[in-house]
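Chemist: mmCIF, C-alpha atoms, saved as query-v6.cif, coming up:
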data_work
#
loop_
_atom_site.label_atom_id
_atom_site.label_comp_id
_atom_site.auth_asym_id
_atom_site.auth_seq_id
_atom_site.Cartn_x
_atom_site.Cartn_y
_atom_site.Cartn_z
CA ASP A 1342 19.73 -12.14 -3.81
CA ALA A 1343 23.06 -10.52 -2.98
CA GLY A 1344 21.83 -9.29 0.38
CA VAL A 1345 21.88 -5.72 1.60
CA ILE A 1346 24.48 -3.76 -0.31
CA GLN A 1347 26.16 -0.72 1.19
CA SER A 1348 28.64 1.67 -0.35
CA PRO A 1349 31.26 2.76 0.20
CA ARG A 1350 32.79 0.17 2.55
CA HIS A 1351 35.24 2.72 3.90
CA GLU A 1352 35.17 6.49 3.86
CA VAL A 1353 37.78 8.89 5.17
CA THR A 1354 36.87 12.53 4.99
CA GLU A 1355 37.87 15.83 6.46
CA MET A 1356 35.82 17.62 9.04
CA GLY A 1357 33.23 19.85 7.44
CA GLN A 1358 32.83 17.79 4.30
CA GLU A 1359 29.58 16.21 3.20
CA VAL A 1360 29.36 12.44 3.41
CA THR A 1361 26.76 10.30 1.65
CA LEU A 1362 26.27 6.65 2.51
CA ARG A 1363 24.24 4.42 0.23
CA CYS A 1364 22.17 1.33 0.74
CA LYS A 1365 20.35 -1.13 -1.49
CA PRO A 1366 17.98 -3.29 0.56
CA ILE A 1367 16.97 -6.84 -0.23
CA SER A 1368 14.34 -6.94 -2.95
CA GLY A 1369 10.86 -7.38 -1.51
CA HIS A 1370 11.68 -6.07 1.94
CA ASN A 1371 9.41 -3.29 3.16
CA SER A 1372 11.43 -1.97 6.10
CA LEU A 1373 14.82 -0.30 6.09
CA PHE A 1374 16.94 0.75 9.04
CA TRP A 1375 20.06 2.87 9.42
CA TYR A 1376 22.20 2.07 12.44
CA ARG A 1377 25.39 3.55 13.85
CA GLN A 1378 27.80 1.43 15.87
CA THR A 1379 30.54 2.69 18.18
CA MET A 1380 32.40 1.11 21.05
CA MET A 1381 30.97 3.63 23.48
CA ARG A 1382 27.30 3.61 22.48
CA GLY A 1383 26.88 0.22 20.85
CA LEU A 1384 24.33 -0.23 18.07
CA GLU A 1385 22.05 2.80 17.74
CA LEU A 1386 19.03 3.03 15.49
CA LEU A 1387 19.17 6.30 13.57
CA ILE A 1388 16.08 6.09 11.39
CA TYR A 1389 13.57 3.52 10.22
CA PHE A 1390 11.56 3.49 6.98
CA ASN A 1391 8.51 1.41 6.24
CA ASN A 1392 7.33 1.27 2.63
CA ASN A 1393 9.77 4.09 1.83
CA VAL A 1394 8.23 6.40 4.43
CA PRO A 1395 10.25 7.52 7.46
CA ILE A 1396 8.47 6.15 10.52
CA ASP A 1397 10.84 7.01 13.32
CA ASP A 1398 13.81 9.35 13.07
CA SER A 1399 14.15 9.97 16.79
CA GLY A 1400 17.63 8.46 16.73
CA MET A 1401 19.04 10.94 14.24
CA PRO A 1402 21.63 12.84 16.30
CA GLU A 1403 21.02 16.31 14.94
CA ASP A 1404 20.13 18.32 11.87
CA ARG A 1405 23.43 17.49 10.26
CA PHE A 1406 22.06 14.04 9.58
CA SER A 1407 19.42 13.35 6.96
CA ALA A 1408 18.13 10.20 5.29
CA LYS A 1409 16.05 9.58 2.22
CA MET A 1410 14.43 6.60 0.58
CA PRO A 1411 13.24 7.71 -2.85
CA ASN A 1412 12.18 4.19 -3.84
CA ALA A 1413 12.03 0.67 -2.49
CA SER A 1414 15.51 -0.22 -3.72
CA PHE A 1415 17.63 2.67 -2.56
CA SER A 1416 18.32 4.78 0.50
CA THR A 1417 20.92 7.35 1.48
CA LEU A 1418 22.21 8.70 4.76
CA LYS A 1419 23.85 12.10 4.51
CA ILE A 1420 25.98 13.93 7.03
CA GLN A 1421 26.59 17.60 6.32
CA PRO A 1422 28.86 18.94 7.67
CA SER A 1423 30.71 15.94 9.08
CA GLU A 1424 32.52 16.08 12.44
CA PRO A 1425 35.14 13.78 14.01
CA ARG A 1426 32.56 12.49 16.51
CA ASP A 1427 30.60 11.07 13.58
CA SER A 1428 33.33 8.47 13.07
CA ALA A 1429 31.68 5.08 13.41
CA VAL A 1430 30.48 2.08 11.44
CA TYR A 1431 27.14 2.77 9.79
CA PHE A 1432 24.95 -0.21 9.00
CA CYS A 1433 21.94 -0.43 6.80
CA ALA A 1434 19.52 -3.28 7.41
CA SER A 1435 16.30 -4.38 5.77
CA SER A 1436 13.49 -6.70 6.74
CA PHE A 1437 10.06 -7.78 5.70
CA TYR A 1438 7.57 -6.84 8.35
CA GLY A 1439 4.47 -8.93 7.98
CA THR A 1440 3.64 -12.17 9.68
CA GLY A 1441 6.17 -14.64 10.96
CA ARG A 1442 9.84 -13.91 11.14
CA THR A 1443 10.83 -10.26 11.05
CA GLU A 1444 14.59 -10.51 11.32
CA ALA A 1445 16.82 -7.75 10.04
CA PHE A 1446 19.42 -8.45 7.38
CA PHE A 1447 22.44 -6.22 7.69
CA GLY A 1448 24.78 -4.91 5.06
CA GLN A 1449 28.54 -5.08 5.48
CA GLY A 1450 28.60 -1.56 6.86
CA THR A 1451 30.44 1.64 6.00
CA ARG A 1452 33.35 2.51 8.23
CA LEU A 1453 33.44 6.31 8.39
CA THR A 1454 36.45 8.19 9.66
CA VAL A 1455 36.24 11.97 9.93
CA VAL A 1456 39.60 13.64 10.50
CA GLY B 784 11.53 4.88 27.03
CA GLN B 785 11.70 1.19 26.39
CA GLN B 786 15.06 -0.34 27.24
CA VAL B 787 16.73 -3.70 26.80
CA MET B 788 19.53 -4.47 29.21
CA GLN B 789 22.04 -7.18 28.42
CA ILE B 790 24.57 -8.75 30.78
CA PRO B 791 27.40 -9.38 31.05
CA GLN B 792 29.09 -6.86 28.80
CA TYR B 793 32.17 -9.04 28.38
CA GLN B 794 32.97 -12.67 29.04
CA HIS B 795 36.22 -14.57 28.72
CA VAL B 796 36.04 -18.34 28.82
CA GLN B 797 38.33 -21.27 28.21
CA GLU B 798 37.44 -23.36 25.21
CA GLY B 799 35.05 -26.07 26.37
CA GLU B 800 33.44 -23.98 29.09
CA ASP B 801 29.82 -22.91 28.95
CA PHE B 802 28.65 -19.34 28.36
CA THR B 803 25.38 -17.53 29.06
CA THR B 804 24.19 -14.04 28.23
CA TYR B 805 21.01 -12.52 29.63
CA CYS B 806 18.63 -9.96 28.24
CA ASN B 807 15.98 -8.03 30.18
CA SER B 808 13.38 -5.66 28.77
CA SER B 809 11.61 -2.91 30.65
CA THR B 810 8.40 -3.78 28.81
CA THR B 811 6.67 -6.89 27.53
CA LEU B 812 7.88 -7.91 24.10
CA SER B 813 6.02 -9.42 21.19
CA ASN B 814 9.16 -11.31 20.26
CA ILE B 815 12.88 -11.25 20.87
CA GLN B 816 15.65 -11.83 18.38
CA TRP B 817 19.28 -12.83 18.83
CA TYR B 818 22.12 -11.82 16.56
CA LYS B 819 25.83 -12.60 16.41
CA GLN B 820 28.47 -10.20 15.19
CA ARG B 821 31.94 -11.53 14.47
CA PRO B 822 34.86 -9.11 14.95
CA GLY B 823 34.92 -6.75 11.99
CA GLY B 824 31.64 -8.12 10.68
CA HIS B 825 28.00 -7.25 10.75
CA PRO B 826 25.18 -8.59 12.94
CA VAL B 827 23.75 -11.84 11.65
CA PHE B 828 20.37 -13.15 12.72
CA LEU B 829 20.41 -16.29 14.84
CA ILE B 830 16.86 -16.87 16.01
CA GLN B 831 13.52 -15.35 16.92
CA LEU B 832 11.48 -16.32 19.98
CA VAL B 833 7.80 -15.50 20.07
CA LYS B 834 5.96 -17.64 22.61
CA SER B 835 6.00 -17.25 26.37
CA GLY B 836 8.41 -19.77 27.89
CA GLU B 837 9.72 -20.81 24.49
CA VAL B 838 12.97 -22.76 24.30
CA LYS B 839 14.82 -23.31 21.03
CA LYS B 840 18.08 -25.07 20.32
CA GLN B 841 20.60 -24.72 17.55
CA LYS B 842 23.30 -27.33 18.04
CA ARG B 843 25.24 -26.07 21.11
CA LEU B 844 23.13 -22.90 21.47
CA THR B 845 20.01 -22.82 23.62
CA PHE B 846 17.67 -19.83 23.58
CA GLN B 847 14.95 -19.15 26.13
CA PHE B 848 12.15 -16.61 26.30
CA GLY B 849 10.76 -15.86 29.75
CA GLU B 850 7.22 -16.58 30.82
CA ALA B 851 6.46 -12.88 31.10
CA LYS B 852 8.09 -12.22 27.71
CA LYS B 853 10.38 -9.64 29.29
CA ASN B 854 13.61 -11.59 29.52
CA SER B 855 15.61 -14.01 27.45
CA SER B 856 18.87 -15.91 27.57
CA LEU B 857 21.35 -17.50 25.22
CA HIS B 858 23.41 -20.40 26.52
CA ILE B 859 26.34 -21.92 24.64
CA THR B 860 27.50 -25.36 25.75
CA ALA B 861 31.17 -26.26 25.41
CA THR B 862 32.32 -23.09 23.69
CA GLN B 863 34.61 -23.23 20.68
CA THR B 864 36.88 -20.57 19.21
CA THR B 865 34.36 -20.15 16.41
CA ASP B 866 31.89 -18.81 18.98
CA VAL B 867 33.95 -15.64 19.42
CA GLY B 868 31.99 -12.47 18.75
CA THR B 869 29.37 -10.18 20.19
CA TYR B 870 25.90 -11.53 20.86
CA PHE B 871 23.02 -9.08 20.73
CA CYS B 872 19.43 -9.44 21.77
CA ALA B 873 16.82 -7.21 20.16
CA GLY B 874 13.32 -6.80 21.46
CA ASP B 875 10.38 -6.24 19.17
CA ASN B 876 7.43 -4.42 20.65
CA ALA B 877 4.71 -4.47 18.03
CA GLY B 878 3.24 -1.30 19.49
CA ASN B 879 6.52 0.62 19.36
CA ASN B 880 6.42 1.56 15.68
CA ARG B 881 7.69 -1.97 15.06
CA LYS B 882 11.33 -1.09 15.62
CA LEU B 883 13.78 -3.36 17.38
CA ILE B 884 15.23 -2.21 20.68
CA TRP B 885 18.77 -3.51 20.95
CA GLY B 886 20.79 -4.57 23.93
CA LEU B 887 24.42 -3.40 24.04
CA GLY B 888 25.64 -6.92 23.42
CA THR B 889 27.87 -9.39 25.21
CA SER B 890 31.34 -9.79 23.78
CA LEU B 891 32.61 -13.35 24.09
CA ALA B 892 36.29 -14.23 23.98
CA VAL B 893 37.31 -17.89 23.94
CA ASN B 894 40.82 -18.92 24.92
CA PRO B 895 42.00 -22.04 23.06
#
Could you take the file, read its structure, and then write that structure out as structure tokens?

Modeler:
Amino acid sequence: DAGVIQSPRHEVTEMGQEVTLRCKPISGHNSLFWYRQTMMRGLELLIYFNNNVPIDDSGMPEDRFSAKMPNASFSTLKIQPSEPRDSAVYFCASSFYGTGRTEAFFGQGTRLTVV
Amino acid sequence: GQQVMQIPQYQHVQEGEDFTTYCNSSTTLSNIQWYKQRPGGHPVFLIQLVKSGEVKKQKRLTFQFGEAKKNSSLHITATQTTDVGTYFCAGDNAGNNRKLIWGLGTSLAVNP
């Protein structure tokens, strides 16, 4: 398996524009996480899906952020409209939550810059 | 809410010195995981500890899980420049919607 695949790797956009980040989890994993990482706040969990269903979105900053997981192999994180304070690295991670090890496998991340 | 505190935030060492980072949870954990993130990279899983008092070793890295399953530590013996990065602990509370609660990480710099 190629691991968790995120696209794009880098995104530069102007304030007010819509941004869509994409994630393909590892095949067979039943949990998917979107994280945001900044120097100031560290690694923050935005939303967590289990079996394609959003379980916990308490970390989503505000209504400008939305996430979907239409099927087990694809998820998106959308920011509309984007603001400069949204600039960060966004990671998608997947895991298999069952018995035994439950570690998260991270994608390479999308570095978002909003100017 | 549940919190995981990690100290120190930063650590500079000379190559060959030892390094330890500590993780403390406000609640009892079902397991704790450790990850390493190299500069410019993404977090990579190192290990998972499940049992009270558990100690695991990976070459120069020693991981411990406290008896009360609320604290953990990672100790690196004789650091090398390849150890540079940020080390995160993440606590798993099975009752907390099964999401990991992350510490803020300890950034390790190693002077050659």

Chemist: Should the cut-off be 8 Å, what would the residue list for chain B against chain A look like, counting all atoms listed in the file, as a list in words?

Modeler: Gln816, Gly824, His825, Pro826, Val827, Phe828, Gln831, Asn880, Lys882, Trp885, Leu887 and Gly888 of chain B

Chemist: Name the residues captured by the PyMOL selection byres ((chain A and resi 1371) around 8) when it is applied to the shown file; answer as a list in words.

Modeler: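 Selected by the PyMOL selection byres ((chain A and resi 1371) around 8) here: Gly1369, His1370, Ser1372, Leu1373, Asn1391, Asn1392, Asn1393, Ala1413, Ser1435, Ser1436, Phe1437 and Tyr1438 of chain A.
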
Chemist: For the residues selected in the previous step, produce a file with C-alpha atoms as a PDB file, in the frame of the given file.

Modeler:
ATOM      1  CA  GLY A1369      10.860  -7.380  -1.510  1.00  0.00           C
ATOM      2  CA  HIS A1370      11.680  -6.070   1.940  1.00  0.00           C
ATOM      3  CA  SER A1372      11.430  -1.970   6.100  1.00  0.00           C
ATOM      4  CA  LEU A1373      14.820  -0.300   6.090  1.00  0.00           C
ATOM      5  CA  ASN A1391       8.510   1.410   6.240  1.00  0.00           C
ATOM      6  CA  ASN A1392       7.330   1.270   2.630  1.00  0.00           C
ATOM      7  CA  ASN A1393       9.770   4.090   1.830  1.00  0.00           C
ATOM      8  CA  ALA A1413      12.030   0.670  -2.490  1.00  0.00           C
ATOM      9  CA  SER A1435      16.300  -4.380   5.770  1.00  0.00           C
ATOM     10  CA  SER A1436      13.490  -6.700   6.740  1.00  0.00           C
ATOM     11  CA  PHE A1437      10.060  -7.780   5.700  1.00  0.00           C
ATOM     12  CA  TYR A1438       7.570  -6.840   8.350  1.00  0.00           C
TER      13      TYR A1438
END

Chemist: Output the residue selection produced by the PyMOL selection byres ((chain B and resi 872) around 7) on the file above, formatted as number ranges by chain.

Modeler: B: 806, 815-818, 870-871, 873-874, 885-886, 888

Chemist: Which residues fall under the PyMOL selection byres ((chain B and resi 797-805) around 10) in this file, as a PyMOL selection string?

Modeler: chain B and resi 788-796+806-807+843-847+854-866+870-872+886+888-895

Chemist: Can you measure CA of Arg1405 (chain A) to CA of Arg1377 (chain A) for me? One decimal in Å is fine.

Modeler: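 CA of Arg1405 (chain A) sits 14.5 Å away from CA of Arg1377 (chain A).
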
Chemist: Any idea what the distance is between CA of Pro1395 (chain A) and CA of Thr1417 (chain A)?

Modeler: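 It comes out at 12.2 Å.
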
Chemist: Just checking: using all atoms listed in the file, which residue out of A:Val1360, A:Thr1379, A:Leu1418, A:Asp1427 ends up closest to Asp1398 (chain A)?

Modeler: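 Closest candidate: A:Leu1418.
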
Chemist: Could you check the closest approach to Ser808 (chain B) for each of B:Gly849, B:Gly823, B:Gly836, B:Gly868 and tell me which residue wins, using only C-alpha atoms?

Modeler: B:Gly849

Chemist: By how many Å are CA of Leu883 (chain B) and CA of Pro1425 (chain A) apart?

Modeler: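 Separation of CA of Leu883 (chain B) and CA of Pro1425 (chain A): 27.6 Å.
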
Chemist: Return the single residue from A:Tyr1431, A:Gln1421, A:Ser1416, A:Thr1451 that is closest to Gln1358 (chain A), with distances computed using only C-alpha atoms.

Modeler: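 Closest to Gln1358 (chain A) of all the choices is A:Gln1421.
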
Chemist: Residues near Glu1355 (chain A), anyone? I mean within 8 Å using only C-alpha atoms, not counting same-chain ones fewer than 3 positions away, as a PyMOL selection string.

Modeler: chain A and resi 1358+1423+1455-1456

Chemist: Smallest atom-to-atom distance to Phe848 (chain B): which of B:Asn876, B:Thr869, B:Lys819, B:Thr811, using only C-alpha atoms?

Modeler: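 Comparing B:Asn876, B:Thr869, B:Lys819, B:Thr811 against Phe848 (chain B), the winner is B:Thr811.
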